[in-house]
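*Asks:* For reference, this is input-v2.pdb, and it has PDB, C-alpha atoms.
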```
ATOM      1  CA  MET A  29      13.353  51.789  -4.487
ATOM      2  CA  ARG A  30      13.624  48.010  -4.491
ATOM      3  CA  LYS A  31      13.076  47.894  -0.709
ATOM      4  CA  LEU A  32       9.938  50.012  -1.023
ATOM      5  CA  SER A  33       8.566  47.739  -3.770
ATOM      6  CA  MET A  34       9.196  44.628  -1.635
ATOM      7  CA  LEU A  35       7.498  46.267   1.352
ATOM      8  CA  LEU A  36       4.426  47.166  -0.727
ATOM      9  CA  ILE A  37       4.236  43.643  -2.174
ATOM     10  CA  THR A  38       4.475  42.155   1.333
ATOM     11  CA  ILE A  39       1.701  44.448   2.588
ATOM     12  CA  MET A  40      -0.536  43.539  -0.372
ATOM     13  CA  ILE A  41      -0.016  39.814   0.241
ATOM     14  CA  MET A  42      -0.903  40.237   3.940
ATOM     15  CA  ILE A  43      -4.075  42.119   3.026
ATOM     16  CA  LEU A  44      -5.099  39.348   0.621
ATOM     17  CA  ILE A  45      -4.444  36.634   3.211
ATOM     18  CA  LEU A  46      -6.446  38.456   5.880
ATOM     19  CA  SER A  47      -9.375  39.047   3.522
ATOM     20  CA  VAL A  48      -9.643  35.317   2.721
ATOM     21  CA  VAL A  49      -9.605  34.061   6.343
ATOM     22  CA  PRO A  50     -13.158  34.068   7.774
ATOM     23  CA  VAL A  51     -13.742  36.205  10.850
ATOM     24  CA  SER A  52     -15.873  33.573  12.538
ATOM     25  CA  ALA A  53     -16.803  30.107  11.438
ATOM     26  CA  SER A  54     -20.287  28.756  11.926
ATOM     27  CA  SER A  55     -21.731  25.409  11.080
ATOM     28  CA  PRO A  56     -24.369  25.059   8.360
ATOM     29  CA  PRO A  57     -27.945  24.705   9.680
ATOM     30  CA  LEU A  58     -28.882  21.041  10.127
ATOM     31  CA  GLU A  59     -32.329  19.531  10.596
ATOM     32  CA  VAL A  60     -33.376  18.238  14.002
ATOM     33  CA  MET A  61     -36.530  16.799  15.554
ATOM     34  CA  PHE A  62     -37.196  16.770  19.296
ATOM     35  CA  GLU A  63     -39.863  14.522  20.823
ATOM     36  CA  VAL A  64     -40.734  15.915  24.246
ATOM     37  CA  PRO A  65     -43.270  14.193  26.527
ATOM     38  CA  THR A  66     -44.082  16.824  29.165
ATOM     39  CA  VAL A  67     -45.889  16.665  32.509
ATOM     40  CA  ILE A  68     -47.714  19.834  33.593
ATOM     41  CA  PRO A  69     -48.639  19.276  37.244
ATOM     42  CA  PRO A  70     -51.063  21.750  38.867
ATOM     43  CA  GLY A  71     -49.190  24.555  40.608
ATOM     44  CA  GLU A  72     -45.769  23.453  39.328
ATOM     45  CA  GLY A  73     -43.691  24.128  36.254
ATOM     46  CA  PRO A  74     -43.687  21.705  33.310
ATOM     47  CA  PHE A  75     -40.950  19.063  33.134
ATOM     48  CA  GLY A  76     -40.125  15.943  31.155
ATOM     49  CA  THR A  77     -37.610  14.291  28.879
ATOM     50  CA  PHE A  78     -36.521  14.688  25.276
ATOM     51  CA  THR A  79     -35.238  12.559  22.437
ATOM     52  CA  ALA A  80     -33.529  14.261  19.482
ATOM     53  CA  THR A  81     -33.011  12.792  16.011
ATOM     54  CA  GLY A  82     -31.798  13.974  12.632
ATOM     55  CA  PRO A  83     -28.611  15.227  10.970
ATOM     56  CA  ALA A  84     -27.903  17.709  13.802
ATOM     57  CA  VAL A  85     -27.662  14.782  16.234
ATOM     58  CA  ASP A  86     -25.683  12.640  13.781
ATOM     59  CA  GLU A  87     -23.135  15.477  13.368
ATOM     60  CA  GLY A  88     -22.871  16.077  17.143
ATOM     61  CA  LEU A  89     -24.481  19.535  17.249
ATOM     62  CA  VAL A  90     -27.153  18.294  19.665
ATOM     63  CA  CYS A  91     -27.151  15.415  22.152
ATOM     64  CA  PRO A  92     -29.640  12.577  21.562
ATOM     65  CA  SER A  93     -31.531  12.683  24.883
ATOM     66  CA  GLY A  94     -32.013  14.310  28.255
ATOM     67  CA  ASP A  95     -34.388  16.077  30.613
ATOM     68  CA  THR A  96     -36.418  19.278  30.314
ATOM     69  CA  ILE A  97     -37.727  21.756  32.854
ATOM     70  CA  ALA A  98     -39.557  25.052  32.368
ATOM     71  CA  GLU A  99     -37.872  28.135  33.797
ATOM     72  CA  LEU A 100     -40.073  31.021  32.719
ATOM     73  CA  GLU A 101     -43.727  31.149  31.814
ATOM     74  CA  LYS A 102     -46.103  33.909  30.774
ATOM     75  CA  VAL A 103     -49.737  33.375  29.785
ATOM     76  CA  ASN A 104     -51.934  35.953  28.095
ATOM     77  CA  GLY A 105     -55.135  36.204  26.087
ATOM     78  CA  GLU A 106     -57.128  33.703  28.136
ATOM     79  CA  GLN A 107     -59.857  36.299  28.805
ATOM     80  CA  SER A 108     -60.992  36.122  25.145
ATOM     81  CA  ASN A 109     -62.393  32.558  25.431
ATOM     82  CA  LYS A 110     -60.953  31.945  21.936
ATOM     83  CA  GLY A 111     -57.607  30.582  23.064
ATOM     84  CA  PHE A 112     -54.476  31.866  24.710
ATOM     85  CA  ASN A 113     -50.751  32.321  24.239
ATOM     86  CA  VAL A 114     -47.980  30.885  26.397
ATOM     87  CA  GLN A 115     -44.364  32.019  26.414
ATOM     88  CA  VAL A 116     -42.085  29.543  28.129
ATOM     89  CA  THR A 117     -38.350  28.882  28.244
ATOM     90  CA  TYR A 118     -37.188  25.310  28.740
ATOM     91  CA  VAL A 119     -33.788  24.129  29.882
ATOM     92  CA  PHE A 120     -32.781  20.978  27.984
ATOM     93  CA  THR A 121     -30.131  19.087  29.997
ATOM     94  CA  CYS A 122     -28.247  16.398  28.072
ATOM     95  CA  ASP A 123     -27.956  12.893  29.561
ATOM     96  CA  ASP A 124     -24.362  12.579  28.334
ATOM     97  CA  GLY A 125     -23.124  15.506  30.466
ATOM     98  CA  SER A 126     -22.255  17.658  27.432
ATOM     99  CA  GLY A 127     -24.250  20.657  28.687
ATOM    100  CA  GLN A 128     -27.584  22.425  28.541
ATOM    101  CA  PHE A 129     -29.387  24.538  25.955
ATOM    102  CA  TYR A 130     -32.249  26.981  26.359
ATOM    103  CA  VAL A 131     -35.339  26.783  24.168
ATOM    104  CA  LYS A 132     -37.942  29.554  24.076
ATOM    105  CA  LEU A 133     -41.442  28.566  22.946
ATOM    106  CA  GLN A 134     -44.195  30.879  21.707
ATOM    107  CA  VAL A 135     -47.283  28.659  22.034
ATOM    108  CA  ARG A 136     -50.787  29.309  20.718
ATOM    109  CA  ILE A 137     -53.512  27.107  22.191
ATOM    110  CA  ASP A 138     -56.990  27.425  20.675
ATOM    111  CA  GLN A 139     -59.736  25.403  18.983
ATOM    112  CA  LYS A 140     -57.258  24.509  16.204
ATOM    113  CA  GLY A 141     -54.898  22.841  18.713
ATOM    114  CA  ASP A 142     -51.532  23.510  20.303
ATOM    115  CA  ASN A 143     -48.999  24.989  17.872
ATOM    116  CA  PHE A 144     -45.741  26.771  18.599
ATOM    117  CA  ASN A 145     -42.588  28.370  17.275
ATOM    118  CA  TRP A 146     -39.324  27.634  19.058
ATOM    119  CA  THR A 147     -35.924  29.291  19.229
ATOM    120  CA  ILE A 148     -32.713  28.019  20.813
ATOM    121  CA  LEU A 149     -31.112  30.900  22.711
ATOM    122  CA  GLY A 150     -27.712  29.300  23.411
ATOM    123  CA  GLY A 151     -26.628  27.279  26.403
ATOM    124  CA  ASN A 152     -23.599  26.081  28.290
ATOM    125  CA  GLY A 153     -20.981  23.393  27.805
ATOM    126  CA  ASP A 154     -20.969  22.188  24.196
ATOM    127  CA  TYR A 155     -24.070  24.310  23.485
ATOM    128  CA  GLU A 156     -22.823  27.788  24.410
ATOM    129  CA  LYS A 157     -23.067  28.943  20.780
ATOM    130  CA  LEU A 158     -25.980  26.741  19.692
ATOM    131  CA  HIS A 159     -28.819  28.501  17.870
ATOM    132  CA  GLY A 160     -31.836  27.284  15.952
ATOM    133  CA  THR A 161     -35.484  27.763  15.128
ATOM    134  CA  GLY A 162     -38.477  25.773  14.095
ATOM    135  CA  LYS A 163     -42.126  24.954  14.544
ATOM    136  CA  GLY A 164     -43.928  22.413  16.647
ATOM    137  CA  ILE A 165     -47.198  20.860  17.689
ATOM    138  CA  GLY A 166     -48.459  19.693  21.039
ATOM    139  CA  ILE A 167     -50.573  16.567  21.262
ATOM    140  CA  PRO A 168     -52.645  16.356  24.472
ATOM    141  CA  VAL A 169     -52.202  13.039  26.260
ATOM    142  CA  SER A 170     -54.182  13.822  29.428
ATOM    143  CA  GLU A 171     -55.164  16.819  31.588
ATOM    144  CA  GLU A 172     -51.574  16.995  32.874
ATOM    145  CA  GLU A 173     -49.550  15.649  29.938
ATOM    146  CA  VAL A 174     -48.694  16.789  26.430
ATOM    147  CA  PHE A 175     -46.455  15.241  23.770
ATOM    148  CA  ASP A 176     -44.603  18.000  21.899
ATOM    149  CA  ILE A 177     -42.864  17.531  18.554
ATOM    150  CA  TYR A 178     -40.336  20.205  17.532
ATOM    151  CA  GLU A 179     -39.026  20.330  13.952
ATOM    152  CA  GLY A 180     -36.452  22.798  12.664
ATOM    153  CA  LYS A 181     -32.796  23.518  12.120
ATOM    154  CA  VAL A 182     -29.853  24.256  14.418
ATOM    155  CA  HIS A 183     -26.316  25.527  13.954
ATOM    156  CA  ILE A 184     -23.263  26.559  15.968
ATOM    157  CA  ASP A 185     -22.072  30.182  15.632
TER
END
```
Could you write out this structure as structure tokens?
*Replies:*
Amino acid sequence: MRKLSMLLITIMIMILILSVVPVSASSPPLEVMFEVPTVIPPGEGPFGTFTATGPAVDEGLVCPSGDTIAELEKVNGEQSNKGFNVQVTYVFTCDDGSGQFYVKLQVRIDQKGDNFNWTILGGNGDYEKLHGTGKGIGIPVSEEEVFDIYEGKVHID
């Protein structure tokens, strides 16, 4: 009887220990701001650079600078003459060699300006499990240039 009691106590302790250990750890969401001057040459995909600031950079979740290039673009709604929508995925490549992350933009361009929502879809290197969301604005610089400002939060799953 004593052996059975000890076995049950051991099993109960193991169950308690396993229930306290988290299955997966993720970082808390931290604020980040990306400043992204982008060139949009006729007949070519957009490209540029980025500078990131905020607690997410300070804590090492995101690198402070690098290059951007558009990989996927879809435009619709331009037939309405009231504006149009652009869906584009950018690859952000870090200058420090730590990896790349992929940012999907849902852009609305109309008489009110250039506004967008963004989502980080993951990446490679240090950014394989990076996720985040936010909002942004695009400020036209010229016919072929725009200065985008992304604000939001990121975390590591």
*Asks:* Just the number, please: distance in Å from CA of Val60 (chain A) to CA of Tyr118 (chain A), one decimal.
*Replies:* 16.8 Å
*Asks:* Report as a tab-separated table the residues of region 95-166 of chain A within 7 Å of region 73-83 of chain A, each with its shortest atom pair and distance in Å (one decimal), using only C-alpha atoms, ordered by chain and increasing residue number.
*Replies:*
```
residue	atom	partner	partner_atom	distance
A:Asp95	CA	A:Thr77	CA	4.1
A:Thr96	CA	A:Gly76	CA	5.1
A:Ile97	CA	A:Phe75	CA	4.2
A:Ala98	CA	A:Pro74	CA	5.4
```
*Asks:* Check which residues satisfy the PyMOL selection byres ((chain A and resi 150) around 9) in the file shown, then give them as a list in words.
*Replies:* Gln128, Phe129, Tyr130, Val131, Ile148, Leu149, Gly151, Asn152, Tyr155, Glu156, Lys157, Leu158, His159 and Gly160 of chain A
*Asks:* Output the residue selection produced by the PyMOL selection byres ((chain A and resi 58) around 10) on the file above, formatted as JSON, numbers by chain.
*Replies:* {"A": [55, 56, 57, 59, 60, 82, 83, 84, 85, 86, 87, 89, 160, 180, 181, 182, 183, 184]}
*Asks:* Would you write out, as an MDAnalysis selection string, every residue that the PyMOL selection byres ((chain A and resi 102) around 6) captures in this file?
*Replies:* chainID A and resid 101 103 114:115
*Asks:* Go ahead and dump the residues you just picked, C-alpha atoms, as a PDB file, in the coordinates of the input.
*Replies:*
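Result went into selection.pdb, see below:
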```pdb
ATOM      1  CA  GLU A 101     -43.727  31.149  31.814  1.00  0.00           C
ATOM      2  CA  VAL A 103     -49.737  33.375  29.785  1.00  0.00           C
ATOM      3  CA  VAL A 114     -47.980  30.885  26.397  1.00  0.00           C
ATOM      4  CA  GLN A 115     -44.364  32.019  26.414  1.00  0.00           C
TER       5      GLN A 115
END
```
*Asks:* Using all atoms listed in the file, which residue out of A:Gly141, A:Gly111, A:Gly94, A:Gly162 lies closest to Gly127 (chain A)?
*Replies:*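 Between A:Gly141, A:Gly111, A:Gly94, A:Gly162, the residue approaching Gly127 (chain A) most closely is A:Gly94.
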*Asks:* If you measure from CA of Ile177 (chain A) to CA of Asn109 (chain A), what distance in Å do you get, rounded to one decimal?
*Replies:* 25.6 Å
*Asks:* Which centre and which edge lengths, in Å to one decimal, describe the axis-aligned box that holds all listed atoms of region 121-131 of chain A after 5 Å is added on each side, as AutoDock Vina command-line options?
*Replies:*
```
--center_x -28.8 --center_y 19.8 --center_z 27.3 --size_x 23.1 --size_y 24.4 --size_z 16.3
```
*Asks:* Residues near Asp138 (chain A), anyone? I mean within 10 Å using all atoms listed in the file, not counting same-chain ones fewer than 3 positions away, as a PDB file with C-alpha atoms, in the coordinates of the input.
*Replies:*
```
ATOM      1  CA  GLU A 106     -57.128  33.703  28.136  1.00  0.00           C
ATOM      2  CA  ASN A 109     -62.393  32.558  25.431  1.00  0.00           C
ATOM      3  CA  LYS A 110     -60.953  31.945  21.936  1.00  0.00           C
ATOM      4  CA  GLY A 111     -57.607  30.582  23.064  1.00  0.00           C
ATOM      5  CA  PHE A 112     -54.476  31.866  24.710  1.00  0.00           C
ATOM      6  CA  ASN A 113     -50.751  32.321  24.239  1.00  0.00           C
ATOM      7  CA  VAL A 135     -47.283  28.659  22.034  1.00  0.00           C
ATOM      8  CA  GLY A 141     -54.898  22.841  18.713  1.00  0.00           C
ATOM      9  CA  ASP A 142     -51.532  23.510  20.303  1.00  0.00           C
ATOM     10  CA  ASN A 143     -48.999  24.989  17.872  1.00  0.00           C
TER      11      ASN A 143
END
```
*Asks:* Which distance in Å separates CA of Asp154 (chain A) and CA of Val90 (chain A), to one decimal?
*Replies:*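 About the pair CA of Asp154 (chain A) and CA of Val90 (chain A): they are 8.6 Å apart.
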